[in-house]
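A.B. asks: Just one file: structure.csv, with CSV, C-alpha atoms.
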```
chain,number,residue,atom,x,y,z
A,678,MET,CA,40.1,-31.5,-4.7
A,679,ALA,CA,39.2,-27.8,-4.7
A,680,ARG,CA,36.8,-28.4,-7.6
A,681,LYS,CA,34.7,-30.7,-5.4
A,682,ILE,CA,34.9,-28.6,-2.2
A,683,ILE,CA,33.9,-25.2,-3.7
A,684,PRO,CA,30.5,-26.5,-5.2
A,685,ALA,CA,29.9,-28.4,-1.9
A,686,ILE,CA,30.4,-25.1,0.1
A,687,ILE,CA,28.2,-23.2,-2.4
A,688,LEU,CA,25.4,-25.8,-2.1
A,689,LEU,CA,25.7,-25.7,1.7
A,690,VAL,CA,25.4,-21.9,1.8
A,691,ILE,CA,22.4,-22.0,-0.6
A,692,SER,CA,20.7,-24.7,1.4
A,693,PHE,CA,21.1,-22.7,4.6
A,694,PHE,CA,19.6,-19.6,3.1
A,695,ALA,CA,16.8,-21.6,1.5
A,696,TYR,CA,15.9,-23.2,4.9
A,697,ASP,CA,16.1,-19.9,6.7
A,698,PHE,CA,14.0,-18.1,4.2
A,699,PHE,CA,11.4,-20.7,3.2
A,700,LEU,CA,11.2,-23.5,5.7
A,701,LYS,CA,12.1,-22.2,9.1
A,702,PRO,CA,9.0,-21.5,11.1
A,703,PRO,CA,8.5,-18.0,12.6
A,704,SER,CA,10.7,-17.5,15.6
A,705,PHE,CA,7.9,-16.0,17.8
A,706,LYS,CA,6.7,-18.2,20.5
A,707,VAL,CA,3.6,-17.8,22.6
A,708,GLY,CA,4.3,-15.2,25.2
A,709,ALA,CA,6.9,-13.3,23.2
A,710,SER,CA,6.5,-9.6,22.9
A,711,ALA,CA,5.1,-8.5,19.5
A,712,PRO,CA,7.6,-6.4,17.6
A,713,GLN,CA,6.4,-2.8,17.6
A,714,PHE,CA,6.2,-0.7,14.4
A,715,THR,CA,4.9,2.6,13.0
A,716,ALA,CA,3.3,2.8,9.6
A,717,ASN,CA,1.0,4.8,7.4
A,718,LEU,CA,-2.5,3.5,7.0
A,719,ILE,CA,-4.2,3.5,3.6
A,720,ASP,CA,-5.9,6.8,4.5
A,721,ASP,CA,-2.4,8.3,5.1
A,722,SER,CA,-2.8,8.6,8.8
A,723,LYS,CA,0.1,7.6,11.0
A,724,PHE,CA,-0.3,4.3,13.0
A,725,ASP,CA,1.7,2.9,15.8
A,726,LEU,CA,1.0,-0.7,17.0
A,727,SER,CA,1.5,0.4,20.6
A,728,ASP,CA,-1.6,2.6,20.2
A,729,LEU,CA,-3.6,-0.6,20.5
A,730,GLU,CA,-2.1,-1.7,23.8
A,731,GLY,CA,-4.9,-2.8,26.2
A,732,THR,CA,-6.8,-4.5,23.4
A,733,TYR,CA,-6.6,-7.8,21.5
A,734,VAL,CA,-5.1,-7.3,18.1
A,735,LEU,CA,-5.1,-9.7,15.1
A,736,LEU,CA,-2.2,-8.9,12.7
A,737,ASP,CA,-3.4,-10.3,9.4
A,738,PHE,CA,-0.7,-10.6,6.8
A,739,TRP,CA,-2.3,-11.1,3.4
A,740,GLY,CA,-2.0,-10.2,-0.3
A,741,SER,CA,-4.5,-9.3,-3.0
A,742,TRP,CA,-2.8,-11.9,-5.2
A,743,CYS,CA,-3.1,-14.7,-2.6
A,744,GLY,CA,-6.0,-17.1,-3.2
A,745,PRO,CA,-6.1,-18.5,0.3
A,746,CYS,CA,-6.1,-14.9,1.7
A,747,ILE,CA,-9.0,-13.9,-0.4
A,748,LYS,CA,-10.9,-17.1,0.5
A,749,GLU,CA,-10.7,-16.4,4.2
A,750,ILE,CA,-11.9,-12.8,4.0
A,751,PRO,CA,-15.5,-13.7,5.1
A,752,ASP,CA,-14.1,-15.5,8.2
A,753,ILE,CA,-11.9,-12.5,9.1
A,754,LYS,CA,-14.8,-10.1,8.6
A,755,GLU,CA,-17.0,-12.3,10.8
A,756,MET,CA,-14.4,-12.3,13.6
A,757,TYR,CA,-14.2,-8.5,13.4
A,758,GLN,CA,-18.0,-8.2,13.6
A,759,SER,CA,-18.1,-10.7,16.5
A,760,TYR,CA,-15.4,-9.2,18.7
A,761,HIS,CA,-14.9,-5.5,17.9
A,762,GLY,CA,-16.5,-3.4,20.6
A,763,LYS,CA,-16.6,-6.2,23.1
A,764,THR,CA,-15.1,-6.1,26.5
A,765,PHE,CA,-12.7,-8.9,27.6
A,766,VAL,CA,-11.6,-9.8,31.1
A,767,ASP,CA,-8.2,-8.4,30.5
A,768,GLY,CA,-8.8,-6.0,27.6
A,769,SER,CA,-11.2,-3.4,26.3
A,770,ASP,CA,-11.6,-4.2,22.6
A,771,PHE,CA,-10.6,-6.2,19.5
A,772,HIS,CA,-8.9,-4.8,16.5
A,773,ILE,CA,-7.6,-6.1,13.2
A,774,VAL,CA,-4.5,-4.7,11.6
A,775,SER,CA,-4.3,-5.9,8.0
A,776,ILE,CA,-0.9,-5.8,6.4
A,777,ALA,CA,-1.1,-6.4,2.6
A,778,LEU,CA,2.3,-7.5,1.2
A,779,GLU,CA,2.2,-6.4,-2.4
A,780,LYS,CA,4.4,-5.7,-5.4
A,781,SER,CA,2.0,-2.9,-6.3
A,782,ASP,CA,-1.1,-1.5,-4.5
A,783,LYS,CA,-3.0,-1.5,-7.8
A,784,TYR,CA,-5.9,-3.8,-6.6
A,785,THR,CA,-5.5,-3.8,-2.8
A,786,LYS,CA,-7.6,-0.7,-2.0
A,787,ARG,CA,-10.3,-1.9,-4.3
A,788,ILE,CA,-10.5,-5.3,-2.6
A,789,ILE,CA,-10.6,-3.7,0.8
A,790,LYS,CA,-13.5,-1.5,-0.3
A,791,ASP,CA,-15.4,-4.1,-2.5
A,792,ARG,CA,-15.1,-6.9,0.1
A,793,GLY,CA,-16.3,-4.6,3.0
A,794,LEU,CA,-13.1,-4.8,5.1
A,795,ASN,CA,-14.4,-1.9,7.3
A,796,TRP,CA,-11.9,-1.8,10.0
A,797,LYS,CA,-9.6,1.2,10.3
A,798,HIS,CA,-6.1,-0.4,10.3
A,799,HIS,CA,-5.0,-1.3,6.8
A,800,ILE,CA,-1.4,-1.1,5.8
A,801,ILE,CA,-0.1,-1.8,2.3
A,802,ASP,CA,3.6,-2.7,2.2
A,803,THR,CA,4.9,-2.7,-1.4
A,804,ASN,CA,8.1,-4.4,-2.4
A,805,PRO,CA,9.3,-6.0,-5.6
A,806,ILE,CA,10.2,-9.1,-3.6
A,807,ILE,CA,7.2,-9.5,-1.4
A,808,MET,CA,8.6,-11.6,1.4
A,809,VAL,CA,11.6,-9.3,1.8
A,810,SER,CA,9.3,-6.4,2.7
A,811,SER,CA,10.0,-4.7,6.0
A,812,PHE,CA,6.9,-6.1,7.7
A,813,ALA,CA,7.5,-9.6,6.5
A,814,GLN,CA,11.0,-9.4,7.9
A,815,LEU,CA,9.9,-7.9,11.2
A,816,TYR,CA,7.4,-10.7,11.9
A,817,ASP,CA,9.4,-13.4,10.1
A,818,VAL,CA,6.6,-14.1,7.7
A,819,LYS,CA,7.4,-16.8,5.2
A,820,ASP,CA,4.0,-17.6,3.8
A,821,LEU,CA,0.6,-15.9,3.3
A,822,PRO,CA,-1.8,-15.8,4.9
A,823,SER,CA,0.0,-15.4,8.3
A,824,LYS,CA,-1.6,-14.3,11.5
A,825,PHE,CA,-0.5,-13.2,14.9
A,826,LEU,CA,-3.0,-12.8,17.8
A,827,ILE,CA,-1.7,-10.3,20.3
A,828,ASN,CA,-3.1,-9.9,23.8
A,829,PRO,CA,-3.6,-6.5,25.6
A,830,LYS,CA,-0.1,-6.7,27.1
A,831,GLY,CA,1.4,-6.8,23.7
A,832,GLU,CA,2.3,-10.5,23.8
A,833,ILE,CA,1.8,-13.0,21.0
A,834,ILE,CA,-0.7,-15.6,22.1
A,835,GLY,CA,-1.2,-17.3,18.8
A,836,ASN,CA,0.7,-17.7,15.6
A,837,ASN,CA,-1.0,-18.9,12.4
A,838,LEU,CA,-4.0,-20.3,14.3
A,839,SER,CA,-7.1,-21.2,12.4
A,840,VAL,CA,-10.1,-18.9,12.8
A,841,ASP,CA,-11.8,-21.4,15.1
A,842,GLU,CA,-8.7,-21.6,17.3
A,843,MET,CA,-8.6,-17.8,17.5
A,844,ARG,CA,-12.3,-17.7,18.4
A,845,LYS,CA,-11.7,-20.2,21.2
A,846,LEU,CA,-9.0,-18.0,22.7
A,847,LEU,CA,-11.1,-14.9,22.4
A,848,ASP,CA,-14.3,-16.5,23.6
A,849,ALA,CA,-12.5,-17.7,26.8
A,850,ARG,CA,-11.6,-14.1,27.6
A,851,LEU,CA,-14.9,-12.4,26.9
A,852,ASN,CA,-16.3,-10.5,29.8
```
Take the structure I supplied and represent it as structure tokens, if you would.
C.D. replies:
Amino acid sequence: MARKIIPAIILLVISFFAYDFFLKPPSFKVGASAPQFTANLIDDSKFDLSDLEGTYVLLDFWGSWCGPCIKEIPDIKEMYQSYHGKTFVDGSDFHIVSIALEKSDKYTKRIIKDRGLNWKHHIIDTNPIIMVSSFAQLYDVKDLPSKFLINPKGEIIGNNLSVDEMRKLLDARLN
């Protein structure tokens, strides 16, 4: 009897962790406060997410090894060019904070430079197990690319929206 119960319990525990880690959607709902963090940018300056309060922020989780992430770079660049420096009815600007989840930062800085990702806020979070990195855990990121659109009050107003959906939200708030 015990020979059958122990494997069943082990399978149940493994299934729970697999669901929690791979399949469970991010726990952040629209209106939830965005978790705050402090990090070093790639230029070694200190950055605190709260420094961007009063502005719209797109947290863009990506990786240099991630094909879909690289493919959407032109759309993300276009969003930055369209909204950075604009005034919104409830905020003063639009910023992108790119968080590269990497095993190594060997290619990341080169991609940022070569692809013209000319916004200031780039963070590279290296970890041998990418999705266990501190930022992935903080934002419950299970897959890349992942995006969080944050309003000037620091609330998440969109989670993994398409570029078109983010544009609609931002266009509706332009001054």
A.B. asks: Contacts of Val774 (chain A) at 10 Å or less, counting all atoms listed in the file, minus same-chain residues fewer than 3 places along, as a list in words?
C.D. replies: Leu718, Leu726, Leu729, Val734, Leu735, Leu736, Asp737, Phe738, Ala777, Trp796, Lys797, His798, His799, Ile800 and Phe825 of chain A
A.B. asks: Can I get the selected residues back with C-alpha atoms, as a compact mmCIF listing (two decimals), in the coordinates of the input?
C.D. replies:
```txt
# COMPACT_ATOMS: atom_id res chain seq x y z
CA LEU A 718 -2.50 3.50 7.00
CA LEU A 726 1.00 -0.70 17.00
CA LEU A 729 -3.60 -0.60 20.50
CA VAL A 734 -5.10 -7.30 18.10
CA LEU A 735 -5.10 -9.70 15.10
CA LEU A 736 -2.20 -8.90 12.70
CA ASP A 737 -3.40 -10.30 9.40
CA PHE A 738 -0.70 -10.60 6.80
CA ALA A 777 -1.10 -6.40 2.60
CA TRP A 796 -11.90 -1.80 10.00
CA LYS A 797 -9.60 1.20 10.30
CA HIS A 798 -6.10 -0.40 10.30
CA HIS A 799 -5.00 -1.30 6.80
CA ILE A 800 -1.40 -1.10 5.80
CA PHE A 825 -0.50 -13.20 14.90
```
A.B. asks: I'd like the neighbourhood of Leu826 (chain A) as a CSV table (one decimal) with C-alpha atoms, in the coordinates of the input, where a residue qualifies if any of its atoms comes within 12 Å (using all atoms listed in the file), though same-chain residues fewer than 4 positions away should be ignored.
C.D. replies:
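Written out: out_19.csv:
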```csv
chain,number,residue,atom,x,y,z
A,705,PHE,CA,7.9,-16.0,17.8
A,706,LYS,CA,6.7,-18.2,20.5
A,707,VAL,CA,3.6,-17.8,22.6
A,708,GLY,CA,4.3,-15.2,25.2
A,709,ALA,CA,6.9,-13.3,23.2
A,710,SER,CA,6.5,-9.6,22.9
A,711,ALA,CA,5.1,-8.5,19.5
A,732,THR,CA,-6.8,-4.5,23.4
A,733,TYR,CA,-6.6,-7.8,21.5
A,734,VAL,CA,-5.1,-7.3,18.1
A,735,LEU,CA,-5.1,-9.7,15.1
A,736,LEU,CA,-2.2,-8.9,12.7
A,737,ASP,CA,-3.4,-10.3,9.4
A,738,PHE,CA,-0.7,-10.6,6.8
A,771,PHE,CA,-10.6,-6.2,19.5
A,772,HIS,CA,-8.9,-4.8,16.5
A,773,ILE,CA,-7.6,-6.1,13.2
A,774,VAL,CA,-4.5,-4.7,11.6
A,830,LYS,CA,-0.1,-6.7,27.1
A,831,GLY,CA,1.4,-6.8,23.7
A,832,GLU,CA,2.3,-10.5,23.8
A,833,ILE,CA,1.8,-13.0,21.0
A,834,ILE,CA,-0.7,-15.6,22.1
A,835,GLY,CA,-1.2,-17.3,18.8
A,836,ASN,CA,0.7,-17.7,15.6
A,837,ASN,CA,-1.0,-18.9,12.4
A,838,LEU,CA,-4.0,-20.3,14.3
A,839,SER,CA,-7.1,-21.2,12.4
A,840,VAL,CA,-10.1,-18.9,12.8
A,842,GLU,CA,-8.7,-21.6,17.3
A,843,MET,CA,-8.6,-17.8,17.5
A,844,ARG,CA,-12.3,-17.7,18.4
A,845,LYS,CA,-11.7,-20.2,21.2
A,846,LEU,CA,-9.0,-18.0,22.7
A,847,LEU,CA,-11.1,-14.9,22.4
```
A.B. asks: With all atoms listed in the file as the atoms that count, which of A:Ser741, A:Ser775, A:Ser759, A:Ser769 lies nearest to Leu794 (chain A)?
C.D. replies: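 Looking only at the distances to Leu794 (chain A), the closest residue turns out to be A:Ser775.
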A.B. asks: Could you tell me how far CA of Ile683 (chain A) sits from CA of Val809 (chain A), in Å to one decimal place?
C.D. replies: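 These two atoms are separated by 27.9 Å.
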A.B. asks: May I have the protein, DNA and RNA residues with any atom at most 10 Å from the point (-13.0, -11.1, 8.0), counting all atoms listed in the file, written as a ChimeraX atom specification?
C.D. replies: /A:737,747-759,773,792-796,840
A.B. asks: CA of Ile719 (chain A) and CA of Pro822 (chain A), how far apart in Å?
C.D. replies: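 Computing the Euclidean distance for CA of Pro822 (chain A) and CA of Ile719 (chain A) yields 19.5 Å.
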A.B. asks: So what do you get for CA of Thr785 (chain A) versus CA of Tyr816 (chain A), distance-wise?
C.D. replies: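 Value for the CA of Thr785 (chain A)-CA of Tyr816 (chain A) distance: 20.7 Å.
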A.B. asks: When distances are computed from all atoms listed in the file, which of A:Ile682, A:Ile801, A:Ile827, A:Leu778 shows the smallest separation from Gly740 (chain A)?
C.D. replies: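 Smallest distance to Gly740 (chain A) is found for A:Leu778.
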A.B. asks: From the list A:Gly731, A:Pro712, A:Pro805, A:Pro745, which residue is nearest Asp817 (chain A) when using all atoms listed in the file?
C.D. replies: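 Counting all atoms listed in the file, the residue closest to Asp817 (chain A) is A:Pro712.
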A.B. asks: From the list A:Ser781, A:Lys786, A:Glu730, A:Asp721, which residue is nearest Gly768 (chain A) when using all atoms listed in the file?
C.D. replies: A:Glu730
